[in-house]
Amino acid sequence: MTTPVVSVKGLVKTFGRFRALDGLDLEVGTGEVHGFLGPNGAGKSTTIRCLLGLLRSDGGAASVFGLDPWRDIAAIHGRLAYVPGDVTLWPNLTGGEIIDLLLRLRGVDPQASDRDALVERFQLDPTKRGRAYSKGNRQKVALIAAFAGPAELLILDEPTSGLDPLMEEIFGDCVAERAGNGTTVLLSSHILSEVEHLAERVTIIRDGKAVETGSLAELRHLRRTTIAAELPHVPPDLSALADVHDVQVDGSHVRCSVGPDGVAAVLRALGEAGATAITSAPPSLEELFLDAYRTGGFETVAGAPSSANDS
Amino acid sequence: MSGTLLLTRLALRQDRVLVAVWTLALTAFCYASAAATPSLYANAAERASAARAINDNPAVVALYGPILDVHSAGELAMTKATVLYAVFVALLGMILVRRHTRTDEESGRTELVSAGVVGRHAPLTAAMLAVSVVFLVIGLLAALADIAGGLAVGGSLLFGLSWLLLGLTGSAAALVAAQLVPSARTCAAIAGGIIGLLYLLRAVGDTSAAPLSWLTPFGWATRLRAWSDPRWWVLSLYVVLLVAMVALAFTLRARRDLGAGLVAARPGPAVGAPRLRNSLALELRLHRGMLIGWSVSVLAMGALMGAIAPGVSGMLTGQAAQEMIRRLGGPGNLERTLIAAEASIAALVVTAFAISVVAHAAHDEQNGIAERTLSTGATRRSLLGSTVAVAACGALWLSLASGLGVAVGYHRDIAPVLLSVLAAAPAVLVVIAVCVLGWALHPAWYVAGWVALGLSIVAGQIAELLGLPTWVGGISPYSHLALVPSEAFRVLPAVVLLLIAVAVGAVAWLSYRRRDIG
């Protein structure tokens, strides 16, 4: 059992009377790509800033590489790379200068790094000044600086904001490559599809608390499968079956969402009715996500604490 | 011009705190100066001799301009306000106009606004309209304060008008500067440089080459003779200058793209120099242009003041002047007084540089850049340390540069000249420490530095005018230091100030290492 790269237990951070983090739990294992999901203002960036030692927590415990993010800041920062969601650059330095500066500040020699290949890959013009870059290009500068050097942990805070779909794909490839090399990735986002493709485990947070955490498989297990079928005639009444919801009938077409206990019965019923085509889709993270927001207190997988300060 | 009035109101709303503080301070100063004059001088003869004493001291004339009519009570009461305090009025105009033009443009706010039904020139027009309102109020209140303080109504109104016009001059300078360069910082440097140059030109003119004073709006303020036998036509000089500058700004704006300067941005290096590898190197790189610009300016200012120093005693031919020169210990000492005065202005100027370095670091924290830097191997200690190092060492270097300038212009007694500029260093360091402490407590509180500098400039004078106890003037760390080279250097106050600076700096570090970033 290795110690997790990131471990947060019952973390509390207040700004005046506002509780930004209210007993948050988060655990990211070595070599794992961990999706960190939540709506705007849920406390994702606050958590990350606490992990980077930029904010001082008011309660609970946090560790990165088993070290205290507030005290051992230099030791931790030497081993990680960070990309913020809203990248501000020095207006009068060029993109190339900024990438090299950020690498050197991490102790990486830019010439020995993957800088040139990444500049090529992300199609960045490194000779422009910071103030002249568009939002997406500013993001690219930060991403290149993060990916170019070796890092044991990548902390990416909504890293694809402003990137076009092509660049998003390249970003995904880069994350997958780094993960393949054993890099741990904490990927915060509210864009679910990118997390779904990349992450093995996710933590969903809301109002400064973790409401869901677990592997995608575990989370799917909890949720319903969408089943759609084409039938030769008007379909049987599925809504009478156990654990079947939202049945929609459109002529000979039927569509419903089915909990784990109802799948076998539904398939049987459809088969008996002579279905000509059946499609089933696992619940998208979108659905998990919306559900978690809407209800807040639904089944919690890995024991998010109900009270704020127990750690 | 659609949207202009809306933008004007928006601008005034953003400015209300800054403008209120500035207006209050300036009005209070006018009232105090006007009201204090009768109590300071019993009769007309005393006033006239005080006015002559001012005219006979080139250091004072260099700072405040001459008194053209020694019998005028208004002119004596408003000596400092006419030119020196008018610089603060002009600076306010510069600050406000830059904020509403280039700063908004650089941050993208102008783009947001321009997408609405707003004409291309609306932001410029709105900025000028807003400052017109501000300076109309300031000019009027200054005039009312003078009248309330017992000065003549006509003179007071004309004096208020001169402040209005000088405020607009500073504003127009910023309006032009904002069209030249894409960076709000460079814009401030250009506009501030223009104001400084115009002030300096007048100082040289008033002390040694009178025609030069006619080339600058600050010289016109004295030559308007607001208080005695006004030259109304001087007002037209301001109007011509203002119209020309505003027209220039609008023409330049029509020729450039939003967000761009006059010169298209050229591609820069694709890779970073190996030197640029730590916080200190970064800090130096960020302030490189500013350091060069300031160095050239203070060198030039020093050289000018040094060059006019030997000539001033020859200009003083009156009996009172000869008496004063004798009292000071001969013409050599008179020159030293002038050099000491130059050194004391230089001390304030270099402090302003240091504060702007700390302010830059504080802004970088507010806009998220510090977060970027601190998420790498750079630590809080290196970030704070390199900012303080560049601020303090930069200020000391600029002091030295201004001393070198004086030495070049004066070309005799170089050692005491260099000593004169370094003698003020402990006070400079105290103000820097206060500024850093403000930043260390909260990223927006670096403003403490500007407040400390402003108080240092006005505290002594306000205490004197209002008859407050002397310790009030002692708030200014600069007031405790000897005026080298006309006085001998005193060790004790210098050491005490250094200790204060170190102590305040230590508290700043303790606070900065504990607080949240951003």
# chains A, B, ... in the order shown; residues from 1 in each chain; ligands from 1

$ interface_residues --of "chain A" --to "chain B" --cutoff "6 Å" --atoms "only C-alpha atoms" --output "PyMOL selection string"
chain A and resi 54-56+74+77-78+88+94+96-97+100-101+104-106+126-128

$ residues_around --residues "Ile462 in chain B" --least-positions-apart "3" --cutoff "10 Å" --atoms "only C-alpha atoms" --output "list in words"
Ala28, Phe29, Ala32, Ser33, Leu455, Ile457, Val458, Ala459, Leu465, Leu466, Gly467, Leu468, Val472 and Gly473 of chain B

$ write_last_selection --atoms "C-alpha atoms" --output "compact mmCIF listing (two decimals), in the first residue's frame"
# COMPACT_ATOMS: atom_id res chain seq x y z
CA ALA B 28 -7.63 71.84 2.83
CA PHE B 29 -4.14 72.87 1.78
CA ALA B 32 -4.77 76.45 5.41
CA SER B 33 -2.27 78.40 3.28
CA LEU B 455 2.03 62.34 3.94
CA ILE B 457 5.50 65.53 1.43
CA VAL B 458 2.62 67.46 3.02
CA ALA B 459 2.81 66.67 6.77
CA LEU B 465 0.33 76.17 8.41
CA LEU B 466 -2.19 74.92 10.95
CA GLY B 467 0.11 75.52 13.89
CA LEU B 468 0.07 71.85 14.83
CA VAL B 472 3.14 66.04 13.18
CA GLY B 473 5.71 67.22 10.67

$ closest_residue --among "B:Val83, B:Leu164, B:Ala53, B:Leu404" --to "Leu200 in chain B" --atoms "only C-alpha atoms"
B:Val83

$ select_by_dssp --residues "range 235-416 of chain B" --states "helix (DSSP H, G or I)" --output "compact mmCIF listing (two decimals) with N, CA and C atoms, in the first residue's frame"
# COMPACT_ATOMS: atom_id res chain seq x y z
N LEU B 235 -4.19 82.65 -20.39
CA LEU B 235 -5.16 81.54 -20.42
C LEU B 235 -5.26 80.93 -21.81
N SER B 236 -5.14 81.80 -22.84
CA SER B 236 -5.27 81.27 -24.20
C SER B 236 -4.14 80.31 -24.54
N LEU B 237 -2.97 80.48 -23.89
CA LEU B 237 -1.87 79.53 -24.13
C LEU B 237 -2.29 78.12 -23.72
N TYR B 238 -2.93 78.04 -22.54
CA TYR B 238 -3.42 76.73 -22.08
C TYR B 238 -4.42 76.15 -23.07
N VAL B 239 -5.34 77.00 -23.49
CA VAL B 239 -6.41 76.51 -24.37
C VAL B 239 -5.81 75.96 -25.66
N VAL B 240 -4.86 76.71 -26.24
CA VAL B 240 -4.22 76.25 -27.48
C VAL B 240 -3.53 74.92 -27.26
N LEU B 241 -2.77 74.83 -26.16
CA LEU B 241 -2.04 73.60 -25.86
C LEU B 241 -2.99 72.41 -25.69
N LEU B 242 -4.08 72.66 -24.93
CA LEU B 242 -5.04 71.58 -24.66
C LEU B 242 -5.70 71.10 -25.95
N VAL B 243 -6.15 72.06 -26.75
CA VAL B 243 -6.81 71.69 -28.00
C VAL B 243 -5.85 70.89 -28.87
N ALA B 244 -4.59 71.34 -28.92
CA ALA B 244 -3.61 70.65 -29.76
C ALA B 244 -3.39 69.22 -29.26
N MET B 245 -3.24 69.06 -27.95
CA MET B 245 -2.95 67.72 -27.42
C MET B 245 -4.13 66.78 -27.60
N VAL B 246 -5.33 67.28 -27.32
CA VAL B 246 -6.52 66.42 -27.45
C VAL B 246 -6.72 66.04 -28.92
N ALA B 247 -6.53 67.02 -29.82
CA ALA B 247 -6.67 66.73 -31.25
C ALA B 247 -5.65 65.69 -31.68
N LEU B 248 -4.42 65.81 -31.17
CA LEU B 248 -3.38 64.84 -31.49
C LEU B 248 -3.79 63.44 -31.04
N ALA B 249 -4.31 63.38 -29.80
CA ALA B 249 -4.72 62.08 -29.26
C ALA B 249 -5.81 61.45 -30.13
N PHE B 250 -6.79 62.25 -30.52
CA PHE B 250 -7.90 61.71 -31.33
C PHE B 250 -7.40 61.27 -32.71
N THR B 251 -6.49 62.05 -33.28
CA THR B 251 -5.93 61.67 -34.58
C THR B 251 -5.19 60.35 -34.48
N LEU B 252 -4.37 60.22 -33.41
CA LEU B 252 -3.61 58.99 -33.24
C LEU B 252 -4.53 57.80 -33.02
N ARG B 253 -5.60 58.04 -32.27
CA ARG B 253 -6.54 56.95 -31.98
C ARG B 253 -7.18 56.44 -33.27
N ALA B 254 -7.48 57.39 -34.18
CA ALA B 254 -8.12 57.00 -35.42
C ALA B 254 -7.19 56.19 -36.31
N SER B 279 13.49 34.25 -9.51
CA SER B 279 12.61 35.40 -9.23
C SER B 279 13.34 36.72 -9.43
N LEU B 280 14.59 36.77 -8.99
CA LEU B 280 15.30 38.04 -9.07
C LEU B 280 15.52 38.43 -10.52
N ALA B 281 15.96 37.46 -11.33
CA ALA B 281 16.18 37.74 -12.75
C ALA B 281 14.88 38.18 -13.41
N LEU B 282 13.78 37.53 -13.01
CA LEU B 282 12.48 37.87 -13.58
C LEU B 282 12.10 39.30 -13.20
N GLU B 283 12.27 39.62 -11.93
CA GLU B 283 11.92 40.95 -11.44
C GLU B 283 12.74 42.02 -12.18
N LEU B 284 14.03 41.73 -12.37
CA LEU B 284 14.89 42.68 -13.09
C LEU B 284 14.43 42.83 -14.54
N ARG B 285 14.06 41.69 -15.14
CA ARG B 285 13.62 41.71 -16.53
C ARG B 285 12.34 42.54 -16.67
N LEU B 286 11.42 42.38 -15.70
CA LEU B 286 10.14 43.09 -15.77
C LEU B 286 10.33 44.59 -15.62
N ARG B 288 13.19 46.24 -16.32
CA ARG B 288 14.35 46.70 -17.07
C ARG B 288 14.09 48.02 -17.77
N GLY B 289 13.00 48.06 -18.53
CA GLY B 289 12.70 49.27 -19.29
C GLY B 289 12.48 50.46 -18.38
N MET B 290 11.76 50.21 -17.29
CA MET B 290 11.46 51.30 -16.38
C MET B 290 12.74 51.81 -15.72
N LEU B 291 13.63 50.88 -15.35
CA LEU B 291 14.89 51.29 -14.71
C LEU B 291 15.71 52.15 -15.65
N ILE B 292 15.76 51.75 -16.91
CA ILE B 292 16.55 52.52 -17.87
C ILE B 292 15.95 53.92 -18.02
N GLY B 293 14.62 53.96 -18.21
CA GLY B 293 13.95 55.24 -18.39
C GLY B 293 14.16 56.17 -17.20
N TRP B 294 13.96 55.62 -16.01
CA TRP B 294 14.12 56.45 -14.80
C TRP B 294 15.57 56.90 -14.64
N SER B 295 16.51 55.99 -14.96
CA SER B 295 17.92 56.36 -14.81
C SER B 295 18.25 57.55 -15.69
N VAL B 296 17.80 57.48 -16.94
CA VAL B 296 18.08 58.58 -17.87
C VAL B 296 17.44 59.87 -17.34
N SER B 297 16.19 59.75 -16.83
CA SER B 297 15.48 60.96 -16.37
C SER B 297 16.19 61.60 -15.18
N VAL B 298 16.53 60.78 -14.16
CA VAL B 298 17.13 61.40 -12.98
C VAL B 298 18.54 61.92 -13.29
N LEU B 299 19.24 61.23 -14.19
CA LEU B 299 20.55 61.73 -14.61
C LEU B 299 20.40 63.11 -15.25
N ALA B 300 19.42 63.22 -16.15
CA ALA B 300 19.21 64.48 -16.86
C ALA B 300 18.79 65.57 -15.89
N MET B 301 17.86 65.21 -14.97
CA MET B 301 17.38 66.18 -14.00
C MET B 301 18.54 66.66 -13.13
N GLY B 302 19.37 65.71 -12.66
CA GLY B 302 20.51 66.07 -11.83
C GLY B 302 21.48 66.96 -12.58
N ALA B 303 21.77 66.58 -13.83
CA ALA B 303 22.75 67.34 -14.61
C ALA B 303 22.27 68.78 -14.80
N LEU B 304 20.96 68.94 -15.07
CA LEU B 304 20.42 70.28 -15.25
C LEU B 304 20.58 71.12 -13.98
N MET B 305 20.16 70.52 -12.86
CA MET B 305 20.22 71.25 -11.60
C MET B 305 21.67 71.55 -11.24
N GLY B 306 22.56 70.58 -11.49
CA GLY B 306 23.96 70.81 -11.21
C GLY B 306 24.52 71.94 -12.06
N ALA B 307 24.07 71.97 -13.32
CA ALA B 307 24.60 72.97 -14.24
C ALA B 307 24.15 74.38 -13.86
N ILE B 308 22.95 74.52 -13.31
CA ILE B 308 22.49 75.88 -12.99
C ILE B 308 23.00 76.34 -11.63
N ALA B 309 23.48 75.39 -10.79
CA ALA B 309 23.88 75.76 -9.44
C ALA B 309 24.94 76.87 -9.38
N PRO B 310 26.04 76.77 -10.15
CA PRO B 310 27.07 77.81 -10.01
C PRO B 310 26.59 79.18 -10.45
N GLY B 311 25.59 79.25 -11.32
CA GLY B 311 25.17 80.53 -11.86
C GLY B 311 24.26 81.32 -10.93
N VAL B 312 23.61 80.63 -9.97
CA VAL B 312 22.54 81.30 -9.25
C VAL B 312 23.01 82.45 -8.38
N SER B 313 24.21 82.32 -7.76
CA SER B 313 24.62 83.39 -6.85
C SER B 313 24.88 84.68 -7.63
N GLY B 314 25.29 84.52 -8.90
CA GLY B 314 25.51 85.68 -9.73
C GLY B 314 24.23 86.43 -10.05
N MET B 315 23.12 85.70 -10.04
CA MET B 315 21.84 86.32 -10.38
C MET B 315 21.29 87.16 -9.24
N GLN B 319 20.11 93.65 -2.14
CA GLN B 319 20.79 93.79 -0.86
C GLN B 319 20.44 92.61 0.05
N ALA B 320 19.14 92.30 0.10
CA ALA B 320 18.70 91.19 0.95
C ALA B 320 19.37 89.90 0.52
N ALA B 321 19.50 89.73 -0.78
CA ALA B 321 20.11 88.51 -1.29
C ALA B 321 21.57 88.43 -0.85
N GLN B 322 22.28 89.55 -0.99
CA GLN B 322 23.68 89.55 -0.58
C GLN B 322 23.80 89.23 0.90
N GLU B 323 22.84 89.78 1.67
CA GLU B 323 22.83 89.52 3.11
C GLU B 323 22.64 88.02 3.37
N MET B 324 21.71 87.44 2.61
CA MET B 324 21.42 86.02 2.83
C MET B 324 22.62 85.16 2.44
N ILE B 325 23.26 85.52 1.33
CA ILE B 325 24.42 84.75 0.90
C ILE B 325 25.51 84.80 1.97
N ARG B 326 25.66 86.02 2.58
CA ARG B 326 26.66 86.16 3.65
C ARG B 326 26.30 85.24 4.81
N ARG B 327 25.00 85.27 5.16
CA ARG B 327 24.54 84.44 6.29
C ARG B 327 24.78 82.96 6.03
N LEU B 328 24.55 82.55 4.79
CA LEU B 328 24.73 81.14 4.45
C LEU B 328 26.19 80.75 4.41
N PRO B 331 28.90 82.29 -1.46
CA PRO B 331 28.22 81.73 -2.63
C PRO B 331 28.33 80.21 -2.70
N GLY B 332 29.44 79.66 -2.21
CA GLY B 332 29.62 78.20 -2.26
C GLY B 332 28.51 77.50 -1.50
N ASN B 333 28.15 78.05 -0.35
CA ASN B 333 27.10 77.43 0.45
C ASN B 333 25.74 77.56 -0.20
N LEU B 334 25.54 78.66 -0.93
CA LEU B 334 24.27 78.84 -1.64
C LEU B 334 24.10 77.72 -2.67
N GLU B 335 25.19 77.44 -3.38
CA GLU B 335 25.15 76.35 -4.35
C GLU B 335 24.82 75.03 -3.65
N ARG B 336 25.42 74.84 -2.48
CA ARG B 336 25.18 73.59 -1.76
C ARG B 336 23.72 73.48 -1.32
N THR B 337 23.12 74.64 -0.96
CA THR B 337 21.71 74.60 -0.59
C THR B 337 20.87 74.10 -1.77
N LEU B 338 21.20 74.61 -2.94
CA LEU B 338 20.46 74.20 -4.13
C LEU B 338 20.64 72.70 -4.39
N ILE B 339 21.87 72.22 -4.22
CA ILE B 339 22.15 70.80 -4.45
C ILE B 339 21.41 69.95 -3.42
N ALA B 340 21.39 70.45 -2.16
CA ALA B 340 20.66 69.72 -1.12
C ALA B 340 19.18 69.66 -1.47
N ALA B 341 18.65 70.77 -2.01
CA ALA B 341 17.23 70.79 -2.38
C ALA B 341 16.98 69.79 -3.51
N GLU B 342 17.90 69.74 -4.47
CA GLU B 342 17.76 68.79 -5.57
C GLU B 342 17.77 67.36 -5.03
N ALA B 343 18.67 67.13 -4.06
CA ALA B 343 18.77 65.78 -3.49
C ALA B 343 17.49 65.41 -2.76
N SER B 344 16.84 66.40 -2.12
CA SER B 344 15.63 66.05 -1.38
C SER B 344 14.47 65.75 -2.33
N ILE B 345 14.43 66.44 -3.48
CA ILE B 345 13.40 66.08 -4.48
C ILE B 345 13.72 64.70 -5.05
N ALA B 346 15.01 64.47 -5.34
CA ALA B 346 15.40 63.18 -5.92
C ALA B 346 15.00 62.04 -4.98
N ALA B 347 15.12 62.28 -3.67
CA ALA B 347 14.77 61.23 -2.70
C ALA B 347 13.30 60.86 -2.84
N LEU B 348 12.44 61.86 -3.05
CA LEU B 348 11.00 61.58 -3.22
C LEU B 348 10.76 60.85 -4.54
N VAL B 349 11.46 61.27 -5.58
CA VAL B 349 11.26 60.67 -6.91
C VAL B 349 11.67 59.20 -6.90
N VAL B 350 12.83 58.89 -6.31
CA VAL B 350 13.27 57.49 -6.32
C VAL B 350 12.37 56.63 -5.44
N THR B 351 11.79 57.24 -4.39
CA THR B 351 10.84 56.48 -3.57
C THR B 351 9.63 56.09 -4.42
N ALA B 352 9.18 57.03 -5.26
CA ALA B 352 8.04 56.72 -6.13
C ALA B 352 8.36 55.54 -7.03
N PHE B 353 9.61 55.47 -7.52
CA PHE B 353 10.01 54.31 -8.34
C PHE B 353 9.85 53.03 -7.54
N ALA B 354 10.41 53.04 -6.32
CA ALA B 354 10.38 51.82 -5.50
C ALA B 354 8.94 51.39 -5.22
N ILE B 355 8.07 52.36 -4.94
CA ILE B 355 6.68 52.03 -4.65
C ILE B 355 6.04 51.39 -5.89
N SER B 356 6.37 51.91 -7.06
CA SER B 356 5.75 51.35 -8.27
C SER B 356 6.23 49.90 -8.51
N VAL B 357 7.44 49.59 -8.07
CA VAL B 357 7.92 48.20 -8.19
C VAL B 357 7.09 47.28 -7.28
N VAL B 358 6.89 47.72 -6.04
CA VAL B 358 6.10 46.91 -5.10
C VAL B 358 4.65 46.83 -5.59
N ALA B 359 4.13 47.96 -6.11
CA ALA B 359 2.75 47.97 -6.61
C ALA B 359 2.60 46.96 -7.74
N HIS B 360 3.62 46.87 -8.58
CA HIS B 360 3.57 45.92 -9.69
C HIS B 360 3.46 44.49 -9.17
N ALA B 361 4.26 44.19 -8.16
CA ALA B 361 4.21 42.84 -7.57
C ALA B 361 2.83 42.58 -6.98
N ALA B 362 2.26 43.60 -6.34
CA ALA B 362 0.95 43.43 -5.72
C ALA B 362 -0.12 43.21 -6.80
N HIS B 363 -0.02 43.96 -7.90
CA HIS B 363 -0.97 43.78 -9.00
C HIS B 363 -0.83 42.38 -9.60
N ASP B 364 0.42 41.92 -9.73
CA ASP B 364 0.64 40.58 -10.27
C ASP B 364 0.03 39.52 -9.37
N GLU B 365 -0.06 39.83 -8.09
CA GLU B 365 -0.72 38.88 -7.20
C GLU B 365 -2.22 38.91 -7.44
N GLN B 366 -2.76 40.11 -7.62
CA GLN B 366 -4.20 40.24 -7.80
C GLN B 366 -4.66 39.62 -9.12
N ILE B 369 -0.81 36.23 -11.54
CA ILE B 369 0.53 35.88 -12.01
C ILE B 369 1.39 35.31 -10.87
N ALA B 370 1.21 35.87 -9.68
CA ALA B 370 2.00 35.38 -8.54
C ALA B 370 1.69 33.91 -8.28
N GLU B 371 0.43 33.54 -8.51
CA GLU B 371 0.03 32.14 -8.32
C GLU B 371 0.83 31.24 -9.26
N ARG B 372 1.00 31.70 -10.51
CA ARG B 372 1.79 30.96 -11.49
C ARG B 372 3.21 30.77 -10.98
N THR B 373 3.81 31.89 -10.56
CA THR B 373 5.21 31.85 -10.15
C THR B 373 5.37 30.95 -8.92
N LEU B 374 4.45 31.12 -7.97
CA LEU B 374 4.60 30.40 -6.71
C LEU B 374 4.27 28.92 -6.83
N ARG B 380 7.78 31.98 -1.57
CA ARG B 380 7.34 33.31 -1.14
C ARG B 380 8.54 34.16 -0.77
N ARG B 381 9.53 33.51 -0.14
CA ARG B 381 10.70 34.27 0.28
C ARG B 381 11.40 34.87 -0.94
N SER B 382 11.56 34.05 -1.99
CA SER B 382 12.28 34.57 -3.16
C SER B 382 11.46 35.64 -3.86
N LEU B 383 10.13 35.48 -3.86
CA LEU B 383 9.28 36.47 -4.53
C LEU B 383 9.33 37.81 -3.79
N LEU B 384 9.10 37.76 -2.47
CA LEU B 384 9.14 39.00 -1.68
C LEU B 384 10.55 39.59 -1.70
N GLY B 385 11.54 38.69 -1.52
CA GLY B 385 12.92 39.16 -1.45
C GLY B 385 13.34 39.85 -2.74
N SER B 386 12.99 39.26 -3.89
CA SER B 386 13.46 39.86 -5.13
C SER B 386 12.71 41.17 -5.41
N THR B 387 11.43 41.24 -5.00
CA THR B 387 10.71 42.50 -5.18
C THR B 387 11.34 43.61 -4.34
N VAL B 388 11.60 43.29 -3.07
CA VAL B 388 12.21 44.28 -2.18
C VAL B 388 13.60 44.66 -2.69
N ALA B 389 14.34 43.65 -3.15
CA ALA B 389 15.70 43.93 -3.62
C ALA B 389 15.68 44.88 -4.80
N VAL B 390 14.80 44.62 -5.76
CA VAL B 390 14.75 45.50 -6.94
C VAL B 390 14.24 46.88 -6.55
N ALA B 391 13.25 46.94 -5.65
CA ALA B 391 12.72 48.24 -5.23
C ALA B 391 13.80 49.05 -4.51
N ALA B 392 14.44 48.42 -3.50
CA ALA B 392 15.40 49.15 -2.68
C ALA B 392 16.69 49.45 -3.45
N CYS B 393 17.25 48.42 -4.08
CA CYS B 393 18.49 48.65 -4.82
C CYS B 393 18.24 49.58 -6.00
N GLY B 394 17.07 49.43 -6.64
CA GLY B 394 16.74 50.33 -7.75
C GLY B 394 16.68 51.77 -7.27
N ALA B 395 16.05 51.99 -6.10
CA ALA B 395 15.95 53.34 -5.56
C ALA B 395 17.34 53.89 -5.23
N LEU B 396 18.19 53.04 -4.64
CA LEU B 396 19.54 53.51 -4.30
C LEU B 396 20.33 53.82 -5.56
N TRP B 397 20.18 52.94 -6.56
CA TRP B 397 20.88 53.18 -7.82
C TRP B 397 20.42 54.50 -8.44
N LEU B 398 19.11 54.74 -8.42
CA LEU B 398 18.59 55.97 -9.02
C LEU B 398 19.07 57.19 -8.23
N SER B 399 19.16 57.06 -6.89
CA SER B 399 19.72 58.16 -6.09
C SER B 399 21.12 58.47 -6.58
N LEU B 400 21.89 57.38 -6.72
CA LEU B 400 23.27 57.54 -7.15
C LEU B 400 23.33 58.17 -8.55
N ALA B 401 22.42 57.71 -9.42
CA ALA B 401 22.40 58.24 -10.79
C ALA B 401 22.08 59.72 -10.77
N SER B 402 21.14 60.13 -9.89
CA SER B 402 20.82 61.55 -9.86
C SER B 402 22.01 62.33 -9.32
N GLY B 403 22.71 61.74 -8.33
CA GLY B 403 23.92 62.38 -7.81
C GLY B 403 24.98 62.49 -8.89
N LEU B 404 25.13 61.43 -9.68
CA LEU B 404 26.10 61.45 -10.77
C LEU B 404 25.73 62.56 -11.76
N GLY B 405 24.42 62.68 -12.00
CA GLY B 405 23.97 63.73 -12.91
C GLY B 405 24.36 65.10 -12.40
N VAL B 406 24.09 65.34 -11.10
CA VAL B 406 24.46 66.63 -10.52
C VAL B 406 25.96 66.84 -10.64
N ALA B 407 26.72 65.77 -10.33
CA ALA B 407 28.18 65.88 -10.38
C ALA B 407 28.65 66.24 -11.78
N VAL B 408 28.01 65.63 -12.79
CA VAL B 408 28.40 65.91 -14.17
C VAL B 408 28.09 67.37 -14.51
N GLY B 409 26.89 67.85 -14.10
CA GLY B 409 26.50 69.20 -14.42
C GLY B 409 27.31 70.23 -13.64
N TYR B 410 27.62 69.88 -12.40
CA TYR B 410 28.23 70.83 -11.48
C TYR B 410 29.75 70.81 -11.63
N ILE B 414 32.66 66.63 -6.20
CA ILE B 414 31.79 65.51 -6.54
C ILE B 414 31.41 64.67 -5.32
N ALA B 415 32.35 64.50 -4.40
CA ALA B 415 32.08 63.64 -3.24
C ALA B 415 30.88 64.13 -2.42
N PRO B 416 30.83 65.41 -2.01
CA PRO B 416 29.66 65.84 -1.23
C PRO B 416 28.35 65.72 -2.00

$ residues_around --residues "Ala277 in chain A" --least-positions-apart "2" --cutoff "9 Å" --atoms "only C-alpha atoms" --output "PyMOL selection string"
chain A and resi 228-231+275+279

$ residues_around --residues "range 76-82 of chain B" --least-positions-apart "6" --cutoff "9 Å" --atoms "only C-alpha atoms" --output "PyMOL selection string"
chain B and resi 26+29-30+33-37+47-48+50-51+63-67+69-70+146+151+159+162-163+218+221-222

$ closest_residue --among "A:Pro282, A:Val247, A:Gln123, A:Val64" --to "Leu216 in chain A" --atoms "only C-alpha atoms"
A:Pro282

$ residues_around --residues "range 174-183 of chain A" --least-positions-apart "4" --cutoff "6 Å" --atoms "only C-alpha atoms" --output "PyMOL selection string"
chain A and resi 31+152-153

$ write_last_selection --atoms "C-alpha atoms" --output "CSV table (one decimal), in the first residue's frame"
chain,number,residue,atom,x,y,z
A,31,GLY,CA,-0.3,7.0,-11.2
A,152,GLU,CA,5.3,13.4,-10.7
A,153,LEU,CA,2.1,15.2,-10.3

$ residues_around --residues "Gly438 in chain B" --least-positions-apart "4" --cutoff "10 Å" --atoms "only C-alpha atoms" --output "JSON, numbers by chain"
{"B": [358, 362, 432, 433, 434, 442, 443, 444, 445, 446, 447, 448, 449, 508, 511, 512]}

$ residues_around --residues "Ala62 in chain A" --least-positions-apart "3" --cutoff "10 Å" --atoms "only C-alpha atoms" --output "list in words"
Val6, Ser7, Val8, Lys9, Gly10, Leu11, Leu24, Asp25, Leu26, Glu27, Thr47, Cys50, Leu51, Ser57, Gly59, Gly66, Leu67, Asp68, Pro69 and Trp70 of chain A

$ select_by_dssp --residues "range 76-282 of chain A" --states "strand (DSSP E)" --output "number ranges by chain"
A: 80-83, 153-157, 184-189, 201-206, 209-215, 225-230, 244-250, 253-258, 277-281

$ closest_residue --among "B:His287, B:Leu481, B:Gly149, B:Val234" --to "Pro38 in chain B" --atoms "only C-alpha atoms"
B:Gly149

$ closest_residue --among "B:Leu166, B:Leu18, B:Met94, B:Trp214" --to "Ile190 in chain B" --atoms "only C-alpha atoms"
B:Met94

$ atom_distance --atom1 "CA of Asp15 in chain B" --atom2 "CA of Ala189 in chain B"
20.7 Å

$ atom_distance --atom1 "CA of Arg255 in chain A" --atom2 "CA of Val234 in chain A"
12.6 Å

$ closest_residue --among "B:Gln179, B:Thr23, B:Ser72, B:Ser486" --to "Ala423 in chain B" --atoms "only C-alpha atoms"
B:Ser486

$ decode --residues "range 77-87 of chain A" --atoms "C-alpha atoms" --output "short mmCIF file (atom, residue, chain, number, x, y, z; two decimals), in the first residue's frame"
data_model
loop_
_atom_site.label_atom_id
_atom_site.label_comp_id
_atom_site.auth_asym_id
_atom_site.auth_seq_id
_atom_site.Cartn_x
_atom_site.Cartn_y
_atom_site.Cartn_z
CA HIS A 77 6.67 22.27 -6.05
CA GLY A 78 9.86 20.76 -7.39
CA ARG A 79 7.88 17.61 -8.22
CA LEU A 80 4.66 18.97 -9.71
CA ALA A 81 3.42 21.14 -12.55
CA TYR A 82 0.30 23.27 -12.42
CA VAL A 83 -1.98 24.80 -15.02
CA PRO A 84 -4.59 27.28 -13.79
CA GLY A 85 -7.94 27.70 -15.49
CA ASP A 86 -7.52 31.38 -16.10
CA VAL A 87 -3.99 31.94 -17.29
#
